[in-house]
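I have placed the structure first, in the form of structure tokens, so that the comments after it can refer back to it.
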Amino acid sequence: MTKSIFQSIGDILMMPFRRHFLFLMAFFILATGPFFMWQFFYQHLLLNGLFLTAHCFIISYAVTLLVGVIRPDALRKIIQGILLVVAAISFGINFYCIFELGYLLDADLARLMLGTDLNETKEFASVMLPKWIILAVLTIYLVFLALWKLSKRHPMNLGKKASWLAMAGLLVCIAVNYRAWPVWEEGPIHRIYEMTQYEVTDDLTPYYTHPKVTFSDETALPSDVVVIIGESFARSHSSLYGYDKETNPRLTALRDSSLLFALDSIASPAPTTAESIRLMLSTYSQADEESSSAKKWFEYTTIIEVMQDCGYDTYWFGNQARGSKKNGATRVFAEACQRQKFLQHEGADRYNVTTDMVLVDSSRQYVRQSNPQGHHFTIYHMMGSHFDYAMRYPKEFSRFTEGDYPSQPEQHRTTLASYDNSILYNDEVVSQIINLYRDKDAVIVYVPDHGQVMFRNPKHPDYFSHGNKKNALSYALGVEIPLFIYASPLFQQLHPATLSRIRCRAHYFSADDSCIKTNIFQADN
């Protein structure tokens, strides 16, 4: 009887090797393989890679064992299929991350992906997904499909002796992980756990803190406060900051007329839109994000509620897709405004994306008809220079061509030209928005959500998109942005003290500075 029980237990424990070995290996390679491959081939950490391989093998064995006992067989096969599909998708994403971004899928990248609509996904695939990566991943998929088909005729399981050897190897892996248990922090389980810790909310208003705001003279408040949130604007490509291509002619003219003030040494709070927006539009800070505070990002005071408490009507014009409340902060902030208008159609064909001039056209009547005795806080969210750069401007703004970049590698020239043309068009749109408020008592802040690396990282000379948090130089390049403030003639006349503060603090601003969020103006005493 005792022998029979031990034999039954042994048969169950051997099942992953004797009956489901192909599933075990497929899951091991697809779901967990990138984690130890990353250590071997990218980090060049042999010992850590061995520990992590053992860790991943234990995980794969445990999953195979748990799924293997499911009955009936039809249900087990369905669950195995779902797990392998999810594993295959994870493998493809991580394969791209390792060889193009230099790091594995993490919580920040997961949030970026969740905040990406169908249209952005199409653009990403067409611009930033190298063909060799597609071919490599597809080849690996096809190998496993071929093995699966072959296993129907010739089951790919281990024999009795080989199974005992595999079990001995598993025990060695367990012993190794017992001695090196911290390795789990670099494995798939901990990565999944990190991703589940991100919390969102449908509505910001239940979390309003309603800070007490007082003014010595409420009549000194400007009638219009405007924030223009740009997209993917690298300061190094702005002629306002010394770039050798004239990408900001209109804004430069405003600066030369002492109506616009370009602030130096600016860094966005994060290299991705979703994270940056959370930090820019509330008192939530990078320190809060890195701390173990029980408060979530949506429980902090937002610039929108502050402006509402100051008596401002709030309006959001967005030329990025509305998206889902659950996949990012942008829509949640937009819908905290009393009125909002989304001008980009979700999932629109990539060659029919609305350019940013629609922000000017759609808000012109609103600005003209606004009550001159009232107070208005307006946020414009631009498509800016989001890749595919060539789609961000009409043909008449194709001023820069490949020939303008003779010192750059040939394969970079088209991208650079398209990017600079998008910055040139951005200059036109922003100046047109400013023009809507030129006769009003208005202050306008332009700040992009983040910059772009634009081939400036020597370790990854062909990479041009978002900054990488795992690489100090890439991160620094990805958060390097312009920030400028337009003060209308009437604003300058009515608010000299505020104008003086804007000038004197030019070197102290950052994109998540509380001065921008809640104190860009103060009542003049």
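By convention in this document, the chains of the structure tokens carry letters A, B, ... by their order, each chain's residues are numbered from 1, and ligands are numbered from 1 in the order they are shown.
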Residue set, segment 259-362 of chain A restricted to alpha helix (DSSP H), as a PyMOL selection string: chain A and resi 273-280+286-290+303-309+329-336+357-362
Could the residues in this selection be saved with N, CA, C and O atoms as a short mmCIF file (atom, residue, chain, number, x, y, z; two decimals), in the first residue's frame?
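Full text of out_21.cif as output:
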```cif
data_model
loop_
_atom_site.label_atom_id
_atom_site.label_comp_id
_atom_site.auth_asym_id
_atom_site.auth_seq_id
_atom_site.Cartn_x
_atom_site.Cartn_y
_atom_site.Cartn_z
N THR A 273 5.04 59.21 -21.93
CA THR A 273 3.89 60.10 -21.78
C THR A 273 3.08 59.83 -20.52
O THR A 273 2.82 60.73 -19.73
N ALA A 274 2.65 58.57 -20.33
CA ALA A 274 1.74 58.26 -19.23
C ALA A 274 2.34 58.64 -17.88
O ALA A 274 1.68 59.25 -17.03
N GLU A 275 3.61 58.31 -17.69
CA GLU A 275 4.27 58.61 -16.42
C GLU A 275 4.49 60.11 -16.27
O GLU A 275 4.29 60.68 -15.19
N SER A 276 4.91 60.75 -17.35
CA SER A 276 5.20 62.18 -17.29
C SER A 276 3.95 63.00 -16.99
O SER A 276 3.99 63.94 -16.20
N ILE A 277 2.83 62.64 -17.62
CA ILE A 277 1.58 63.37 -17.41
C ILE A 277 1.17 63.33 -15.94
O ILE A 277 0.73 64.33 -15.37
N ARG A 278 1.31 62.16 -15.32
CA ARG A 278 0.94 62.04 -13.91
C ARG A 278 1.76 63.00 -13.04
O ARG A 278 1.25 63.59 -12.09
N LEU A 279 3.04 63.13 -13.38
CA LEU A 279 3.94 63.96 -12.59
C LEU A 279 3.80 65.45 -12.90
O LEU A 279 3.96 66.30 -12.03
N MET A 280 3.49 65.76 -14.16
CA MET A 280 3.39 67.16 -14.58
C MET A 280 2.13 67.84 -14.06
O MET A 280 2.14 69.03 -13.73
N GLN A 286 8.55 62.54 -8.39
CA GLN A 286 9.42 61.38 -8.54
C GLN A 286 9.78 60.78 -7.19
O GLN A 286 9.89 59.56 -7.04
N ALA A 287 9.96 61.63 -6.19
CA ALA A 287 10.28 61.14 -4.84
C ALA A 287 9.13 60.29 -4.30
O ALA A 287 9.35 59.25 -3.66
N ASP A 288 7.90 60.72 -4.56
CA ASP A 288 6.73 59.95 -4.13
C ASP A 288 6.68 58.61 -4.85
O ASP A 288 6.33 57.58 -4.27
N GLU A 289 7.02 58.64 -6.14
CA GLU A 289 6.98 57.42 -6.94
C GLU A 289 7.99 56.39 -6.44
O GLU A 289 7.73 55.18 -6.46
N GLU A 290 9.13 56.86 -5.98
CA GLU A 290 10.19 55.96 -5.53
C GLU A 290 10.07 55.58 -4.06
O GLU A 290 10.77 54.69 -3.59
N ILE A 303 -3.32 70.00 -10.75
CA ILE A 303 -3.36 71.39 -11.20
C ILE A 303 -4.78 71.77 -11.62
O ILE A 303 -5.20 72.93 -11.50
N ILE A 304 -5.54 70.78 -12.09
CA ILE A 304 -6.91 71.06 -12.56
C ILE A 304 -7.79 71.47 -11.39
O ILE A 304 -8.54 72.45 -11.46
N GLU A 305 -7.71 70.74 -10.27
CA GLU A 305 -8.55 71.10 -9.12
C GLU A 305 -8.11 72.43 -8.52
O GLU A 305 -8.95 73.21 -8.05
N VAL A 306 -6.79 72.70 -8.54
CA VAL A 306 -6.31 73.98 -8.02
C VAL A 306 -6.90 75.13 -8.84
O VAL A 306 -7.40 76.13 -8.28
N MET A 307 -6.87 74.98 -10.16
CA MET A 307 -7.41 76.05 -11.00
C MET A 307 -8.92 76.19 -10.83
O MET A 307 -9.46 77.30 -10.82
N GLN A 308 -9.60 75.06 -10.65
CA GLN A 308 -11.04 75.14 -10.40
C GLN A 308 -11.33 75.82 -9.08
O GLN A 308 -12.25 76.64 -8.98
N ASP A 309 -10.54 75.51 -8.04
CA ASP A 309 -10.72 76.16 -6.74
C ASP A 309 -10.39 77.64 -6.79
O ASP A 309 -10.85 78.42 -5.95
N ALA A 329 -3.16 57.88 -17.64
CA ALA A 329 -3.63 59.00 -16.85
C ALA A 329 -4.24 60.12 -17.70
O ALA A 329 -5.03 60.91 -17.20
N THR A 330 -3.88 60.19 -18.99
CA THR A 330 -4.27 61.34 -19.80
C THR A 330 -5.77 61.54 -19.83
O THR A 330 -6.29 62.64 -19.58
N ARG A 331 -6.51 60.48 -20.13
CA ARG A 331 -7.97 60.63 -20.21
C ARG A 331 -8.55 61.01 -18.85
O ARG A 331 -9.49 61.80 -18.76
N VAL A 332 -8.01 60.46 -17.79
CA VAL A 332 -8.52 60.76 -16.45
C VAL A 332 -8.35 62.24 -16.13
O VAL A 332 -9.26 62.88 -15.58
N PHE A 333 -7.19 62.80 -16.47
CA PHE A 333 -6.98 64.23 -16.26
C PHE A 333 -7.91 65.04 -17.15
O PHE A 333 -8.47 66.05 -16.72
N ALA A 334 -8.05 64.62 -18.40
CA ALA A 334 -8.90 65.35 -19.34
C ALA A 334 -10.35 65.40 -18.83
O ALA A 334 -11.00 66.45 -18.88
N GLU A 335 -10.83 64.29 -18.33
CA GLU A 335 -12.23 64.23 -17.90
C GLU A 335 -12.44 64.83 -16.52
O GLU A 335 -13.58 64.95 -16.06
N ALA A 336 -11.35 65.21 -15.86
CA ALA A 336 -11.49 65.99 -14.63
C ALA A 336 -11.83 67.44 -14.97
O ALA A 336 -12.35 68.17 -14.11
N MET A 357 -3.03 71.19 -36.27
CA MET A 357 -3.72 72.45 -36.55
C MET A 357 -5.20 72.36 -36.20
O MET A 357 -5.87 73.39 -35.99
N VAL A 358 -5.72 71.13 -36.08
CA VAL A 358 -7.11 70.95 -35.67
C VAL A 358 -7.35 71.52 -34.28
O VAL A 358 -8.47 71.94 -33.95
N LEU A 359 -6.31 71.58 -33.45
CA LEU A 359 -6.44 72.19 -32.12
C LEU A 359 -6.76 73.68 -32.22
O LEU A 359 -7.56 74.21 -31.45
N VAL A 360 -6.13 74.34 -33.18
CA VAL A 360 -6.38 75.77 -33.40
C VAL A 360 -7.80 75.97 -33.94
O VAL A 360 -8.56 76.79 -33.42
N ASP A 361 -8.13 75.21 -34.96
CA ASP A 361 -9.44 75.37 -35.61
C ASP A 361 -10.59 75.06 -34.65
O ASP A 361 -11.63 75.73 -34.68
N SER A 362 -10.41 74.04 -33.81
CA SER A 362 -11.49 73.61 -32.92
C SER A 362 -11.66 74.51 -31.71
O SER A 362 -12.73 74.54 -31.10
#
```
Test item: residues at most 10 Å from Phe233 of chain A, only C-alpha atoms, excluding those fewer than 5 positions along its chain, as a list in words: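 Close residues of Phe233 of chain A: Ser238, Gly384, Ser385, His386, Tyr419, Asp420, Ser422, Ile423, Asn426, Val447, Pro448, Asp449, His450, Gly451, Gln452, Val453, Gly478, Val479, Glu480, Ile481, Pro482 and Leu483 of chain A.
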Distance query Lys295 of chain A at most 12 Å, only C-alpha atoms, self and fewer than 3 positions along chain excluded, as a list of chain:residue names: A:Tyr198, A:Glu199, A:Tyr207, A:Thr283, A:Tyr284, A:Ser285, A:Asp288, A:Glu289, A:Glu290, A:Ser291, A:Ser292, A:Phe298, A:Glu299, A:Tyr300, A:Thr301
Please, could you write that set of residues out with N, CA and C atoms as an mmCIF file, in the first residue's frame?
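Contents of out_18.cif, as written:
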```
data_model
loop_
_atom_site.group_PDB
_atom_site.id
_atom_site.type_symbol
_atom_site.label_atom_id
_atom_site.label_comp_id
_atom_site.auth_asym_id
_atom_site.auth_seq_id
_atom_site.Cartn_x
_atom_site.Cartn_y
_atom_site.Cartn_z
ATOM 1 N N TYR A 198 0.551 48.643 -10.084
ATOM 2 C CA TYR A 198 0.120 49.926 -10.643
ATOM 3 C C TYR A 198 -1.396 50.049 -10.523
ATOM 4 N N GLU A 199 -1.870 51.143 -9.948
ATOM 5 C CA GLU A 199 -3.297 51.341 -9.758
ATOM 6 C C GLU A 199 -3.771 52.546 -10.559
ATOM 7 N N TYR A 207 -10.992 62.146 -5.304
ATOM 8 C CA TYR A 207 -9.724 62.258 -4.580
ATOM 9 C C TYR A 207 -9.240 63.698 -4.451
ATOM 10 N N THR A 283 0.746 67.249 -7.867
ATOM 11 C CA THR A 283 1.858 67.421 -6.934
ATOM 12 C C THR A 283 2.578 66.108 -6.669
ATOM 13 N N TYR A 284 2.113 65.031 -7.290
ATOM 14 C CA TYR A 284 2.818 63.754 -7.241
ATOM 15 C C TYR A 284 4.192 63.941 -7.869
ATOM 16 N N SER A 285 5.226 63.458 -7.192
ATOM 17 C CA SER A 285 6.586 63.711 -7.646
ATOM 18 C C SER A 285 7.370 62.417 -7.820
ATOM 19 N N ASP A 288 7.896 60.722 -4.563
ATOM 20 C CA ASP A 288 6.729 59.945 -4.127
ATOM 21 C C ASP A 288 6.677 58.606 -4.848
ATOM 22 N N GLU A 289 7.020 58.635 -6.136
ATOM 23 C CA GLU A 289 6.978 57.415 -6.941
ATOM 24 C C GLU A 289 7.987 56.386 -6.436
ATOM 25 N N GLU A 290 9.126 56.858 -5.980
ATOM 26 C CA GLU A 290 10.194 55.964 -5.532
ATOM 27 C C GLU A 290 10.065 55.578 -4.059
ATOM 28 N N SER A 291 9.160 56.244 -3.335
ATOM 29 C CA SER A 291 9.009 55.950 -1.913
ATOM 30 C C SER A 291 7.985 54.836 -1.718
ATOM 31 N N SER A 292 7.843 54.410 -0.487
ATOM 32 C CA SER A 292 6.862 53.363 -0.161
ATOM 33 C C SER A 292 5.586 53.983 0.395
ATOM 34 N N PHE A 298 -3.071 59.257 -7.978
ATOM 35 C CA PHE A 298 -4.312 59.992 -8.191
ATOM 36 C C PHE A 298 -4.876 60.584 -6.899
ATOM 37 N N GLU A 299 -4.199 60.375 -5.781
ATOM 38 C CA GLU A 299 -4.644 60.943 -4.511
ATOM 39 C C GLU A 299 -3.941 62.263 -4.192
ATOM 40 N N TYR A 300 -3.090 62.711 -5.086
ATOM 41 C CA TYR A 300 -2.377 63.971 -4.879
ATOM 42 C C TYR A 300 -3.150 65.128 -5.524
ATOM 43 N N THR A 301 -2.870 66.321 -5.063
ATOM 44 C CA THR A 301 -3.522 67.514 -5.602
ATOM 45 C C THR A 301 -3.156 67.708 -7.062
#
```
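The residue that comes closest to Arg399 of chain A, out of A:Lys245, A:Lys341, A:Arg368, A:His376 and on the basis of only C-alpha atoms, is A:Lys245.
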Strand (DSSP E or B) per DSSP on the backbone: members of segment 423-499 of chain A, as a PyMOL selection string: chain A and resi 442-448+480+483-487
Would you export the selected residues with N, CA and C atoms as a PDB file, in the first residue's frame, please?
```pdb
ATOM      1  N   ALA A 442      -3.378  86.932 -20.919  1.00  0.00           N
ATOM      2  CA  ALA A 442      -3.106  85.495 -20.976  1.00  0.00           C
ATOM      3  C   ALA A 442      -1.636  85.177 -20.742  1.00  0.00           C
ATOM      4  N   VAL A 443      -1.407  84.061 -20.039  1.00  0.00           N
ATOM      5  CA  VAL A 443      -0.074  83.487 -19.918  1.00  0.00           C
ATOM      6  C   VAL A 443      -0.174  82.050 -20.433  1.00  0.00           C
ATOM      7  N   ILE A 444       0.783  81.658 -21.257  1.00  0.00           N
ATOM      8  CA  ILE A 444       0.755  80.346 -21.906  1.00  0.00           C
ATOM      9  C   ILE A 444       2.068  79.626 -21.633  1.00  0.00           C
ATOM     10  N   VAL A 445       1.983  78.419 -21.114  1.00  0.00           N
ATOM     11  CA  VAL A 445       3.158  77.588 -20.854  1.00  0.00           C
ATOM     12  C   VAL A 445       3.171  76.452 -21.865  1.00  0.00           C
ATOM     13  N   TYR A 446       4.260  76.299 -22.588  1.00  0.00           N
ATOM     14  CA  TYR A 446       4.436  75.143 -23.475  1.00  0.00           C
ATOM     15  C   TYR A 446       5.467  74.220 -22.841  1.00  0.00           C
ATOM     16  N   VAL A 447       5.097  72.954 -22.661  1.00  0.00           N
ATOM     17  CA  VAL A 447       6.024  71.959 -22.126  1.00  0.00           C
ATOM     18  C   VAL A 447       5.695  70.605 -22.747  1.00  0.00           C
ATOM     19  N   PRO A 448       6.652  69.952 -23.400  1.00  0.00           N
ATOM     20  CA  PRO A 448       6.395  68.611 -23.931  1.00  0.00           C
ATOM     21  C   PRO A 448       6.468  67.570 -22.822  1.00  0.00           C
ATOM     22  N   GLU A 480      15.351  65.499 -21.911  1.00  0.00           N
ATOM     23  CA  GLU A 480      15.843  66.847 -22.223  1.00  0.00           C
ATOM     24  C   GLU A 480      14.827  67.548 -23.122  1.00  0.00           C
ATOM     25  N   LEU A 483      11.143  74.364 -22.619  1.00  0.00           N
ATOM     26  CA  LEU A 483       9.976  74.879 -21.901  1.00  0.00           C
ATOM     27  C   LEU A 483       9.979  76.383 -22.084  1.00  0.00           C
ATOM     28  N   PHE A 484       8.889  76.919 -22.579  1.00  0.00           N
ATOM     29  CA  PHE A 484       8.829  78.368 -22.738  1.00  0.00           C
ATOM     30  C   PHE A 484       7.474  78.892 -22.300  1.00  0.00           C
ATOM     31  N   ILE A 485       7.481  80.156 -21.934  1.00  0.00           N
ATOM     32  CA  ILE A 485       6.286  80.818 -21.421  1.00  0.00           C
ATOM     33  C   ILE A 485       6.023  82.064 -22.270  1.00  0.00           C
ATOM     34  N   TYR A 486       4.802  82.155 -22.743  1.00  0.00           N
ATOM     35  CA  TYR A 486       4.365  83.334 -23.497  1.00  0.00           C
ATOM     36  C   TYR A 486       3.532  84.213 -22.558  1.00  0.00           C
ATOM     37  N   ALA A 487       3.866  85.475 -22.518  1.00  0.00           N
ATOM     38  CA  ALA A 487       3.102  86.446 -21.733  1.00  0.00           C
ATOM     39  C   ALA A 487       2.575  87.505 -22.691  1.00  0.00           C
TER      40      ALA A 487
END
```
Name the residues in contact with Leu50 of chain A at a cut-off of 12 Å, using only C-alpha atoms, excluding same-chain residues fewer than 2 positions from it; report them as a short mmCIF file (atom, residue, chain, number, x, y, z; two decimals) with N, CA and C atoms, in the first residue's frame.
```cif
data_model
loop_
_atom_site.label_atom_id
_atom_site.label_comp_id
_atom_site.auth_asym_id
_atom_site.auth_seq_id
_atom_site.Cartn_x
_atom_site.Cartn_y
_atom_site.Cartn_z
N GLY A 33 12.70 32.24 -20.74
CA GLY A 33 14.00 32.30 -21.40
C GLY A 33 14.63 33.67 -21.48
N PHE A 35 14.71 36.07 -19.51
CA PHE A 35 15.26 36.56 -18.25
C PHE A 35 16.69 36.05 -18.03
N PHE A 36 16.92 34.74 -18.27
CA PHE A 36 18.29 34.27 -18.07
C PHE A 36 19.17 34.54 -19.29
N MET A 37 18.54 34.60 -20.49
CA MET A 37 19.31 34.97 -21.68
C MET A 37 19.85 36.39 -21.54
N TRP A 38 19.04 37.26 -20.93
CA TRP A 38 19.45 38.65 -20.70
C TRP A 38 20.72 38.70 -19.85
N GLN A 39 20.78 37.88 -18.82
CA GLN A 39 21.95 37.84 -17.95
C GLN A 39 23.19 37.33 -18.69
N PHE A 40 23.00 36.28 -19.51
CA PHE A 40 24.14 35.69 -20.22
C PHE A 40 24.67 36.58 -21.33
N HIS A 44 26.27 39.82 -19.37
CA HIS A 44 27.52 39.04 -19.29
C HIS A 44 27.81 38.61 -17.85
N LEU A 45 26.76 38.21 -17.14
CA LEU A 45 26.88 37.73 -15.77
C LEU A 45 26.65 36.23 -15.76
N LEU A 46 27.73 35.45 -15.84
CA LEU A 46 27.61 34.00 -15.97
C LEU A 46 26.96 33.37 -14.74
N LEU A 47 27.48 33.67 -13.55
CA LEU A 47 26.97 33.03 -12.34
C LEU A 47 25.51 33.42 -12.09
N ASN A 48 25.21 34.72 -12.22
CA ASN A 48 23.84 35.17 -12.02
C ASN A 48 22.91 34.54 -13.05
N LEU A 52 19.65 32.25 -12.31
CA LEU A 52 18.35 32.63 -12.85
C LEU A 52 17.79 31.53 -13.75
N THR A 53 18.67 30.81 -14.47
CA THR A 53 18.22 29.68 -15.29
C THR A 53 17.59 28.61 -14.41
N ALA A 54 18.24 28.31 -13.30
CA ALA A 54 17.69 27.33 -12.36
C ALA A 54 16.35 27.81 -11.82
N HIS A 55 16.26 29.08 -11.49
CA HIS A 55 15.01 29.67 -10.98
C HIS A 55 13.89 29.52 -12.02
N CYS A 56 14.19 29.84 -13.26
CA CYS A 56 13.19 29.77 -14.33
C CYS A 56 12.78 28.32 -14.63
N PHE A 57 13.72 27.39 -14.50
CA PHE A 57 13.39 25.98 -14.73
C PHE A 57 12.42 25.48 -13.66
N VAL A 172 18.76 19.86 -7.94
CA VAL A 172 19.95 20.72 -7.91
C VAL A 172 19.53 22.19 -8.07
N CYS A 173 18.59 22.44 -8.98
CA CYS A 173 18.10 23.81 -9.19
C CYS A 173 17.46 24.35 -7.92
N VAL A 176 20.22 25.17 -5.48
CA VAL A 176 20.92 26.39 -5.91
C VAL A 176 20.10 27.62 -5.58
N ASN A 177 18.79 27.57 -5.83
CA ASN A 177 17.93 28.73 -5.57
C ASN A 177 17.74 28.97 -4.08
N ALA A 180 20.60 30.99 -3.29
CA ALA A 180 20.64 32.28 -4.02
C ALA A 180 19.23 32.80 -4.24
N VAL A 183 17.72 35.98 -6.28
CA VAL A 183 17.67 36.02 -7.74
C VAL A 183 16.23 36.14 -8.24
#
```
Å distance separating atom CA of Gln338 of chain A from atom CA of Ile433 of chain A, one decimal place: 20.5 Å
Which of A:Ile502, A:Ala88, A:Ile93, A:Ile434 sits closest to Asp224 of chain A [using only C-alpha atoms]: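 For Asp224 of chain A, the nearest of the given residues is A:Ile434.
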Quick one: contact table of segment 167-248 of chain A to segment 6-29 of chain A, 12 Å max, nearest atom pair and distance in Å to one decimal per residue, counting only C-alpha atoms, chain and number order, as a tab-separated table?
```
residue	atom	partner	partner_atom	distance
A:Met167	CA	A:Met14	CA	7.4
A:Ala168	CA	A:Met14	CA	11.0
A:Gly169	CA	A:Phe17	CA	11.7
A:Leu170	CA	A:Leu13	CA	10.8
A:Leu171	CA	A:Leu13	CA	11.8
A:Pro188	CA	A:Phe28	CA	11.1
```
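The two atoms in question, atom CA of Tyr380 of chain A and atom CA of Tyr366 of chain A, are spaced 12.8 Å apart.
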